[in-house]
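Beneath this line is the structure, given in C-alpha cells, with notes to follow.
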Amino acid sequence: MLHLVQPEAQLLTVDSLRVCFARNVAEGTAVRGVSFSLAPGRCLAIVGESGSGKSVTARVLVGLAGHRARVHARRLNFAGTDLTGLDDRAWRRIRGKDIGFVLQDALVSLDPLRPVGKEIGEGLRLHRAIASREELERQVIGLLKLVGVQDAEIKALQLPHQLSGGQCQRALIAAALALDPRLLIADEPTTALDVTVQAQVLGLLEETKARGKALILISHDLAVVSRMADEVLVMRQGEVIERGSADQIFRDPQHAYTRQLLDAVPSGRPRGSRLSSSPAPRLLRQHGRPPEQSAARSSQIVLKATDLVKRFRGPDGILRTVVNGVSFELRSGETLGLVGESGSGKSTTARMVLALDLPDQGAVLLQGKAWTTLTERQRRARRRSISVIYQDPLSSFDPRWTVGRILSDSLLGDAETRPERQERVAELLYLVGLSPAFLNRRPLELSGGQRQRVAIARAIAPRPKVIVCDEPVSALDVSIQAQILDLLGDLKAQLGVSYLFISHDLGVVRHLSDRVMVMRDGRVVESGDTEAIFAEPQHDYTRDLLAAVPTLRGRQPQAHRD
Amino acid sequence: MSSSEVLGGAGAFPHLLQTLARVRTVPLRVYVAVTVVGFFLAAAIAPKWLETHDPLAIDLTASLQAPSIAHWLGTDQSGRDLYSRIVEGAGQSLSIGLGATALSLFLALVLGVTAGLADGAVDTVLSRLFDVLFALPTLFLALLFVAVFGTTVLTEIIAVGLGTAPGYARMIRGQVLTVKSAGYVEAAKALGHPYVRIVRRHILPNAVSPLTAMMTLGVGQAIIWASGLAFLGLGVAPPAPEWGALLNAGRNYVIYAWWLEIMPGLAVVVFALSVTVLGRYLGDRLEGKS
Amino acid sequence: MQVLFATLPPYWLATILLVVFAIELRIFPVAGGDSPIALVLPTLALALELSGFFGQVVISEFSCVLEQPFVTSARMRGMSDLGVRFRHVLRHAALPGITLSGWALGKLLSGAVLVEAVFARQGLGGVLVTATSTRDVPVVSGVILVSAGLFVLTSTVVDLAYGIVDPRIKLT
C-alpha cells in the first residue's frame, strides 16, 4: 500500500522497527518490521491483542521500551529529529514536551501519595515552562478544566484514590497534555472504564485531535478506535498484519485475522450468531441428562428475587444502600442480562442470588423454595443447583491445585467412585473445549481464555439449573471473549441451564440475553425483552448507555435510533 | 486454542519474564548454604568423624594458642582444641535452635490459626495479645521466663520459643485471614462444600505453606537468641561446649585470645546466614509456584 | 550485604569491633567510660544490625515500586531516572521502614542488653541480667513494663510519621 504523502508533512516516521528482549532473538522479538507514518491532526490506531507488540511499539517512541530492549529501525524520525541515537538527556527533552503519553489504568498510573495537581504540574515544572508557583497552579487548574473535570480547584488538591476512575483518566490525559505536545500516545486509555465514561474520554481525545495534534491510539478493541482513527495498523505477534485507512479496514478487511477481530465484536451483530470461527461442539456424547425438551423458554420459574435490599457500611461509617428493591424472575432455559456501570449494585445482586451475601430485606426463591432465608447448613445441599462464573477465574482457583483436582473437587457428592469421577472430569473438559492434556496443569499455567473455560467446566459440573455469570468475559481479549460467549451459548442450548448474565458491556449482554435488566444506583431502571429495550429504550439512562457504546464503522447498530 | 491466546497475560513482557524465571538455575549461594548446613548437621549427628582432637581433653601446655595448623581455630585456657569443641557443640546448639523453633511455630500455629479462623471476640482478644507480646523485646520475654524458671537446656528452649512465638503467630493469623477471603474459598463455598472441608483442603494448606520457609529462617534466629542468652551467662552452664556457652567463656579472654570469642560467634553467624539464604530461596520458590 | 548485617548477632559484632578498634588499634576505650567517645562502638554494633534489616526492607520495596505504572508515567513526562527515584519512589519505599521502626525498638532493647554486657556498661540491660541471674522476678517484670511503655510511645510517634508520609491514612 502506498501512501503518497510528502515526507516532510509527516510528524512521525517509523520504518522497519524491530524490538527484541533478552538474548534469545528468536523467542524474545516483540516487534518485527513495523513501519508507519503520521501527520499532524491525524489519528493512527494500533490494534492487536495481548502480546501483539502494540504497547512495546508505542513505548519505543518515547525511548522507554525497557532497559533490556534492543531497538533497531531503518528510520525513526520525529519532527525532523532522528530518534535512533538519542541519549537519555535528549529523550527527556522530548518526553512530555513533544510527545505526551497516556498509560492505561489511570488509578495506578498516578502516584497514589501525591495530589493529582502535583502530578499534572510535574511536566511543566520539569521542562521549566512556568515562571512562578501561582502560574503553575493556574495552569494545572486550566488543564483540569480543559479535560472536563468539575471543581478543578478542589480536585487538584485531592489524591488519586479520592477521584473516580474517569476523573483519574482525565487527570492523566491532562498531565500528558500539559506541555501541549505535538503527538499524544494513548495506550488503552479506556480499558476498565464504564461505557459512558469511555465515551467521554474518547470525546476528549477527539477534541485533542481536532486541535491539530497527532494521535496514536492503542487498543485491543476495534470498536473503540473505530470512532476517530484515520488509519489502522493491525498487529499480531509483533508483526503488522494489515495496514490501511480506517474506512478500508472497517469496510473491506483484507486479512483473515482482521476479519476475525471484527467478527468478534458483538455489538450490532445478530443475536445468537457465532462470534468466533470455532464450530459448535458436536452433540454431547452422553451428558447424563437429556437436553431439555426444547431450547424455547418454558414457563417454569427457577429463580425469583423479590424486593432485594442490601446496605453496607462504608469506611466512613455511613450506611449506604447498594441494592434497593430489586425484583426479577428467571425462567428455565432463559438468559437474563443484568447491565449497569460500576457501583450500580449488579455484583451485589449476584452475590445475594448466590446467597454469599444475604439480603437485608426481600428474599430469593430457588426453584420455588426458600433460599436466602435458610441457614447455611440447610442451603449447602442445594447449592449444587446454582453455580457461578467469576470475572477473574485465577483468584477463584486454589493455586496449588491442578485442573483435574479442581474439577473432581467440584463433583463432590455427585460422582462417588474414582473412575466415575475421572469420566465426568474428562467429559467436562470436552464440553468446554479443552483437551485432556490440561488435567495436570495448574491455573497459573493457563491463558486467560483457558482459565475461563476451566471455570465454566467447574460451574456446570454439579449440573446446576442456574449459572450466575459475573462479568465472565470482561478481562479477556475480544477474540477470546468471542470464543467464550459462543461456548456459553452452546452450553445453554445443550444443558438447558438458565443464566443470570452480568456485564457492563451492552454488546455482550445483548448478544446472549433473552431479557435485559438495566441497573443504576441500586435500582432497576428498566427491564424487558432484549430487542425491545435495545430498539426502544424507555429510560433516559438506558438511552445514554446505548448511545455511549462504541460501534464499528460500517456496521449500523441494528434498529437503534437516537 | 488459537496460537494468539497462548501468550495470555498483559503483553509480551511478563511472558518473557516468566520464561526467563523458568530458565534460571539454582544460584551459587544456595549451594554454599547447603554445604554449610550439611556440615553442621553432620557435626551434630556424628561429631567424632569431624573432630581433630578430643573436645574435652585438657592440655595445659597448649593453652590459649592462636589458630595454627595443629589447632585450626586455636585453643582455650585449658588447651582444649576450639575447632573440635565447636563441632562437639553443634549438636546441642542445633537441638536448642530446632527445639525452640518447633515450639515457637507450634504455639504460633495453634494460636494464629485459631485467631484467624475465629471471628469476633476470640480473634480480638488473641490478636491484641499477640500485639502486646510482639511489642515486648524478644530477649526480655525470654529473660522473664529464665528468671522465673532458672537455667537449664529445657528452659532455654522454652524461653526462646516463647520469645519468638508472638511474631510468627501474627504472621500466621494474617495469612489465614488472607486465604480466608481468597476467591477460591468463596468458590468452594458456592459449590456447597462443608466449612470443615474448606478449612482442611484450602485454608490450612495455603496458610501454612509459607511456614516451610519461616521454619528455616526461624532456626537461624533461634540459635542467635539462644546463644545470646548463653552469652549473658543465662544459658547452659559450661563445660558443655554449646556455642553460646563457648561465647560466654570466651568473653573473659577477649583481650588475650580473640579467637575464643570470634570463632564460636563465626559458627553461629555462618550457620544462621546459611539457613537464612536457604529459607529465602525456599520461600521464593514456593511463592513462585503458588 | 544487608543479609549479612541482619544476621550478625549484635554481641558478636560488638566483640569484633572491640577487638579491632579498642584492643588492636586502640582508637576507642575498651570498656566503660563516660565520654561520648566510649559510646561510638556500642552504638555502631547496634546500628549495623538494624541497618541491615531496614536496608533489606527498603531495597525490596524500592525495586517493587520502580515497577509501578506511575513511575513509567512520570518518566514519560520527561523526568530523569534519578528524579523519579527521589520524588516518587523514595517516599513509597520509606513506608514499610517506618512501620518497622516500632518493632525495631524491641530489637534495639534486646540488642542493648547484650552489647552493654560486652562493653561492661551499666544500664537497663545490666540491671535486667543481674536480676535474671538472681531470679529477681519483680525487677525483671518492672524492666519489661518500662520497655512496654517505651514501645507505646514509639508506636505513637511512628503512626504520626506514617500519616505525614502517606496522606491516604487521614481518611480511613
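Just remember, in the C-alpha cells the first chain shown is A, the second B, etc., residues are 1-based per chain, and ligands are 1-based in the order shown.
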With a distance threshold of 7 Å and counting only C-alpha atoms, extract the residues of chain A near chain B and express them as a ChimeraX atom specification. /A:28,30,50-51,53,380-381,383-384,387,395-400,410,447-448
From the DSSP assignment of the backbone, select every residue of region 134-370 of chain A that is strand (DSSP E or B), and format the answer as number ranges by chain. A: 183-187, 214-219, 231-236, 239-245, 301-313, 319-331, 335-339, 361-366, 369-370
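When only C-alpha atoms are used to compute distances to Ser141 (chain C), the closest of the residues B:Gly116, B:Leu136, B:Glu261, B:Asp59 turns out to be B:Leu136.
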Counting only C-alpha atoms, which of A:Asp252, A:Asp98, A:Glu531, A:Asp540 gets nearest to chain C? A:Asp98
Min atom-atom distance to chain C from the set B:Trp243, B:Phe149, B:Arg200, B:Val176, counting only C-alpha atoms, belongs to B:Phe149
Can you pull out the residues contacting Leu205 (chain A)? Cut-off 9 Å, using only C-alpha atoms, and skip same-chain residues under 3 positions away; I want them as a ChimeraX atom specification. /A:173,184,186,200-202,208-210,215,228
Show me which bits of chain C are within 8 Å of chain A, counting only C-alpha atoms, as number ranges by chain. C: 68-73, 75-80, 88, 92, 165-168, 172
Skip Ile96 (chain B) itself and residues of its chain fewer than 5 positions away, then list as a PyMOL selection string all residues within 8 Å of it, counting only C-alpha atoms. chain B and resi 153+156-157+222-223+226
Kindly export the residues of the current selection with N, CA and C atoms, as a tab-separated table (two decimals), in the first residue's frame.
chain	number	residue	atom	x	y	z
B	153	VAL	N	18.75	-26.54	79.86
B	153	VAL	CA	18.59	-26.59	78.40
B	153	VAL	C	17.11	-26.44	78.06
B	156	GLU	N	15.86	-22.99	78.42
B	156	GLU	CA	16.41	-22.15	77.35
B	156	GLU	C	15.58	-22.32	76.08
B	157	ILE	N	15.26	-23.58	75.75
B	157	ILE	CA	14.45	-23.84	74.56
B	157	ILE	C	13.09	-23.17	74.70
B	222	ALA	N	16.62	-18.52	66.14
B	222	ALA	CA	16.55	-19.14	67.46
B	222	ALA	C	17.94	-19.41	68.00
B	223	ILE	N	18.86	-19.86	67.12
B	223	ILE	CA	20.22	-20.13	67.58
B	223	ILE	C	20.89	-18.85	68.02
B	226	ALA	N	19.37	-17.97	71.39
B	226	ALA	CA	19.82	-18.89	72.42
B	226	ALA	C	21.27	-18.60	72.80
If we count only C-alpha atoms, what is near region 68-82 of chain A at a cut-off of 8 Å, once residues fewer than 5 positions away on the same chain are taken out, given as a ChimeraX atom specification? /A:10-22,60
May I have the selected residues written with N, CA and C atoms, as a short mmCIF file (atom, residue, chain, number, x, y, z; two decimals), in the first residue's frame?
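Generated output (result_37.cif):
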data_model
loop_
_atom_site.label_atom_id
_atom_site.label_comp_id
_atom_site.auth_asym_id
_atom_site.auth_seq_id
_atom_site.Cartn_x
_atom_site.Cartn_y
_atom_site.Cartn_z
N GLN A 10 5.00 14.71 7.30
CA GLN A 10 4.81 13.75 8.38
C GLN A 10 5.47 14.25 9.65
N LEU A 11 4.76 14.04 10.74
CA LEU A 11 5.33 14.40 12.03
C LEU A 11 6.22 13.26 12.53
N LEU A 12 5.75 12.05 12.24
CA LEU A 12 6.46 10.88 12.75
C LEU A 12 6.60 9.85 11.64
N THR A 13 7.81 9.34 11.48
CA THR A 13 8.03 8.29 10.50
C THR A 13 8.75 7.13 11.17
N VAL A 14 8.17 5.97 11.07
CA VAL A 14 8.80 4.77 11.62
C VAL A 14 8.97 3.80 10.48
N ASP A 15 10.20 3.33 10.29
CA ASP A 15 10.45 2.41 9.19
C ASP A 15 11.18 1.17 9.70
N SER A 16 10.60 0.02 9.48
CA SER A 16 11.20 -1.27 9.85
C SER A 16 11.67 -1.31 11.30
N LEU A 17 10.77 -1.06 12.19
CA LEU A 17 11.11 -1.11 13.62
C LEU A 17 11.15 -2.55 14.10
N ARG A 18 12.26 -2.85 14.81
CA ARG A 18 12.39 -4.18 15.40
C ARG A 18 12.77 -4.02 16.86
N VAL A 19 12.12 -4.72 17.74
CA VAL A 19 12.48 -4.66 19.15
C VAL A 19 12.63 -6.08 19.65
N CYS A 20 13.76 -6.37 20.29
CA CYS A 20 13.82 -7.68 20.93
C CYS A 20 14.31 -7.56 22.37
N PHE A 21 13.85 -8.48 23.17
CA PHE A 21 14.23 -8.53 24.57
C PHE A 21 15.14 -9.73 24.78
N ALA A 22 16.03 -9.61 25.74
CA ALA A 22 16.84 -10.75 26.17
C ALA A 22 17.74 -11.28 25.07
N VAL A 60 8.57 2.54 22.44
CA VAL A 60 9.81 2.86 21.72
C VAL A 60 9.81 4.34 21.34
#
Using only C-alpha atoms, select each residue of chain C with any atom at most 7 Å away from an atom of chain B, and give the selection as a JSON list (two decimals) with N, CA and C atoms, in the first residue's frame.
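Saved the output as selection_4.json:
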[["chain", "number", "residue", "atom", "x", "y", "z"],
["C", 4, "LEU", "N", 23.81, -10.11, 55.54],
["C", 4, "LEU", "CA", 24.91, -10.38, 56.46],
["C", 4, "LEU", "C", 24.71, -9.57, 57.74],
["C", 7, "THR", "N", 21.93, -10.71, 59.97],
["C", 7, "THR", "CA", 22.12, -11.99, 60.66],
["C", 7, "THR", "C", 23.14, -11.90, 61.79],
["C", 8, "LEU", "N", 24.03, -10.91, 61.70],
["C", 8, "LEU", "CA", 25.08, -10.82, 62.71],
["C", 8, "LEU", "C", 24.48, -10.57, 64.09],
["C", 9, "PRO", "N", 24.78, -11.44, 65.06],
["C", 9, "PRO", "CA", 24.29, -11.15, 66.41],
["C", 9, "PRO", "C", 25.03, -9.91, 66.93],
["C", 12, "TRP", "N", 28.21, -10.33, 69.07],
["C", 12, "TRP", "CA", 29.40, -10.82, 68.38],
["C", 12, "TRP", "C", 30.06, -9.68, 67.60],
["C", 16, "ILE", "N", 33.80, -8.06, 67.93],
["C", 16, "ILE", "CA", 34.75, -7.83, 66.84],
["C", 16, "ILE", "C", 35.19, -6.38, 66.84],
["C", 19, "VAL", "N", 37.61, -5.86, 69.64],
["C", 19, "VAL", "CA", 38.94, -6.42, 69.39],
["C", 19, "VAL", "C", 39.69, -5.55, 68.39],
["C", 23, "ILE", "N", 41.21, -2.91, 71.06],
["C", 23, "ILE", "CA", 42.38, -3.66, 71.53],
["C", 23, "ILE", "C", 43.53, -3.55, 70.54],
["C", 103, "TRP", "N", 8.81, -1.95, 65.79],
["C", 103, "TRP", "CA", 9.37, -3.27, 66.08],
["C", 103, "TRP", "C", 10.87, -3.17, 66.33],
["C", 106, "GLY", "N", 12.09, -2.78, 69.88],
["C", 106, "GLY", "CA", 12.20, -4.00, 70.65],
["C", 106, "GLY", "C", 13.52, -4.70, 70.38],
["C", 107, "LYS", "N", 13.84, -4.76, 69.12],
["C", 107, "LYS", "CA", 15.08, -5.37, 68.67],
["C", 107, "LYS", "C", 16.27, -4.62, 69.30],
["C", 109, "LEU", "N", 16.32, -2.83, 72.06],
["C", 109, "LEU", "CA", 16.44, -3.05, 73.50],
["C", 109, "LEU", "C", 17.09, -4.41, 73.77],
["C", 110, "SER", "N", 16.64, -5.44, 73.02],
["C", 110, "SER", "CA", 17.26, -6.76, 73.18],
["C", 110, "SER", "C", 18.75, -6.68, 72.92],
["C", 114, "LEU", "N", 22.70, -7.10, 75.37],
["C", 114, "LEU", "CA", 23.89, -7.88, 75.04],
["C", 114, "LEU", "C", 25.11, -6.98, 74.86],
["C", 132, "THR", "N", 17.92, -11.25, 86.46],
["C", 132, "THR", "CA", 17.55, -12.56, 85.93],
["C", 132, "THR", "C", 18.39, -13.64, 86.59],
["C", 133, "SER", "N", 19.71, -13.37, 86.73],
["C", 133, "SER", "CA", 20.58, -14.43, 87.25],
["C", 133, "SER", "C", 20.31, -14.65, 88.74],
["C", 135, "ARG", "N", 17.33, -14.32, 89.84],
["C", 135, "ARG", "CA", 15.93, -14.69, 89.74],
["C", 135, "ARG", "C", 15.03, -13.73, 90.51],
["C", 136, "ASP", "N", 15.31, -12.46, 90.32],
["C", 136, "ASP", "CA", 14.54, -11.41, 90.97],
["C", 136, "ASP", "C", 13.39, -11.01, 90.04],
["C", 137, "VAL", "N", 12.32, -11.80, 90.09],
["C", 137, "VAL", "CA", 11.23, -11.62, 89.12],
["C", 137, "VAL", "C", 10.60, -10.22, 89.13],
["C", 140, "VAL", "N", 12.72, -7.90, 87.04],
["C", 140, "VAL", "CA", 12.65, -8.25, 85.62],
["C", 140, "VAL", "C", 11.32, -7.76, 85.04],
["C", 141, "SER", "N", 10.21, -8.02, 85.76],
["C", 141, "SER", "CA", 8.92, -7.58, 85.26],
["C", 141, "SER", "C", 8.89, -6.06, 85.12],
["C", 144, "ILE", "N", 10.56, -4.93, 82.05],
["C", 144, "ILE", "CA", 9.74, -5.23, 80.88],
["C", 144, "ILE", "C", 8.61, -4.23, 80.73],
["C", 147, "SER", "N", 9.88, -1.11, 79.25],
["C", 147, "SER", "CA", 10.10, -1.23, 77.81],
["C", 147, "SER", "C", 8.78, -1.21, 77.05],
["C", 148, "ALA", "N", 7.73, -1.79, 77.66],
["C", 148, "ALA", "CA", 6.43, -1.76, 77.00],
["C", 148, "ALA", "C", 5.94, -0.33, 76.89],
["C", 151, "PHE", "N", 7.56, 1.33, 74.14],
["C", 151, "PHE", "CA", 7.01, 0.89, 72.87],
["C", 151, "PHE", "C", 5.75, 1.67, 72.51]]
Please identify the alpha helix (DSSP H) residues within region 185-276 of chain B (assignment by DSSP from backbone atoms) and present them as a count of residues only. 63
Record the distance separating CA of Glu445 (chain A) and CA of Leu428 (chain A), expressed in Å with one decimal.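 Computed distance, CA of Glu445 (chain A) to CA of Leu428 (chain A), equals 19.1 Å.
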Fewer than 6 positions away in the same chain doesn't count, so skip those; otherwise give me all residues within 12 Å of Ile27 (chain C), counting only C-alpha atoms, as a VMD selection string. chain C and resid 17 to 21 37 to 38 40 to 41
File of the preceding selection, N, CA, C and O atoms, as a PDB file, in the first residue's frame:
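Saved the output as selection_9.pdb:
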ATOM      1  N   LEU C  17      34.218  -5.469  66.972  1.00  0.00           N
ATOM      2  CA  LEU C  17      34.562  -4.051  66.998  1.00  0.00           C
ATOM      3  C   LEU C  17      35.518  -3.765  68.152  1.00  0.00           C
ATOM      4  O   LEU C  17      36.488  -3.026  68.015  1.00  0.00           O
ATOM      5  N   LEU C  18      35.231  -4.400  69.279  1.00  0.00           N
ATOM      6  CA  LEU C  18      36.054  -4.218  70.470  1.00  0.00           C
ATOM      7  C   LEU C  18      37.478  -4.688  70.196  1.00  0.00           C
ATOM      8  O   LEU C  18      38.453  -3.971  70.473  1.00  0.00           O
ATOM      9  N   VAL C  19      37.609  -5.863  69.639  1.00  0.00           N
ATOM     10  CA  VAL C  19      38.940  -6.422  69.386  1.00  0.00           C
ATOM     11  C   VAL C  19      39.693  -5.549  68.386  1.00  0.00           C
ATOM     12  O   VAL C  19      40.840  -5.182  68.602  1.00  0.00           O
ATOM     13  N   VAL C  20      39.005  -5.183  67.290  1.00  0.00           N
ATOM     14  CA  VAL C  20      39.700  -4.459  66.224  1.00  0.00           C
ATOM     15  C   VAL C  20      40.033  -3.025  66.646  1.00  0.00           C
ATOM     16  O   VAL C  20      41.176  -2.604  66.603  1.00  0.00           O
ATOM     17  N   PHE C  21      39.003  -2.289  67.092  1.00  0.00           N
ATOM     18  CA  PHE C  21      39.213  -0.853  67.288  1.00  0.00           C
ATOM     19  C   PHE C  21      39.731  -0.494  68.672  1.00  0.00           C
ATOM     20  O   PHE C  21      40.434   0.493  68.842  1.00  0.00           O
ATOM     21  N   ILE C  37      32.956   9.418  73.426  1.00  0.00           N
ATOM     22  CA  ILE C  37      33.716   8.571  72.501  1.00  0.00           C
ATOM     23  C   ILE C  37      33.538   7.095  72.853  1.00  0.00           C
ATOM     24  O   ILE C  37      33.561   6.221  71.981  1.00  0.00           O
ATOM     25  N   ALA C  38      33.282   6.827  74.119  1.00  0.00           N
ATOM     26  CA  ALA C  38      33.096   5.435  74.540  1.00  0.00           C
ATOM     27  C   ALA C  38      31.784   4.863  74.024  1.00  0.00           C
ATOM     28  O   ALA C  38      31.562   3.677  74.042  1.00  0.00           O
ATOM     29  N   VAL C  40      30.740   5.250  70.943  1.00  0.00           N
ATOM     30  CA  VAL C  40      30.790   5.029  69.496  1.00  0.00           C
ATOM     31  C   VAL C  40      30.651   3.550  69.148  1.00  0.00           C
ATOM     32  O   VAL C  40      29.794   3.164  68.353  1.00  0.00           O
ATOM     33  N   LEU C  41      31.482   2.708  69.772  1.00  0.00           N
ATOM     34  CA  LEU C  41      31.463   1.285  69.404  1.00  0.00           C
ATOM     35  C   LEU C  41      30.144   0.603  69.731  1.00  0.00           C
ATOM     36  O   LEU C  41      29.587  -0.088  68.878  1.00  0.00           O
TER      37      LEU C  41
END
Separation of CA of Tyr281 (chain B) from CA of Met215 (chain B), in Å and rounded to one decimal: 12.6 Å
As an exercise, work out the distance from CA of Gln538 (chain A) to CA of Gly148 (chain A) in Å and give it to one decimal place.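 One can read the CA of Gln538 (chain A) to CA of Gly148 (chain A) distance as 28.4 Å.
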Non-local contacts of Ala93 (chain C) (8 Å; only C-alpha atoms; under 3 positions in same chain excluded) as number ranges by chain: C: 58-59, 61-62, 65, 89-90, 96-97
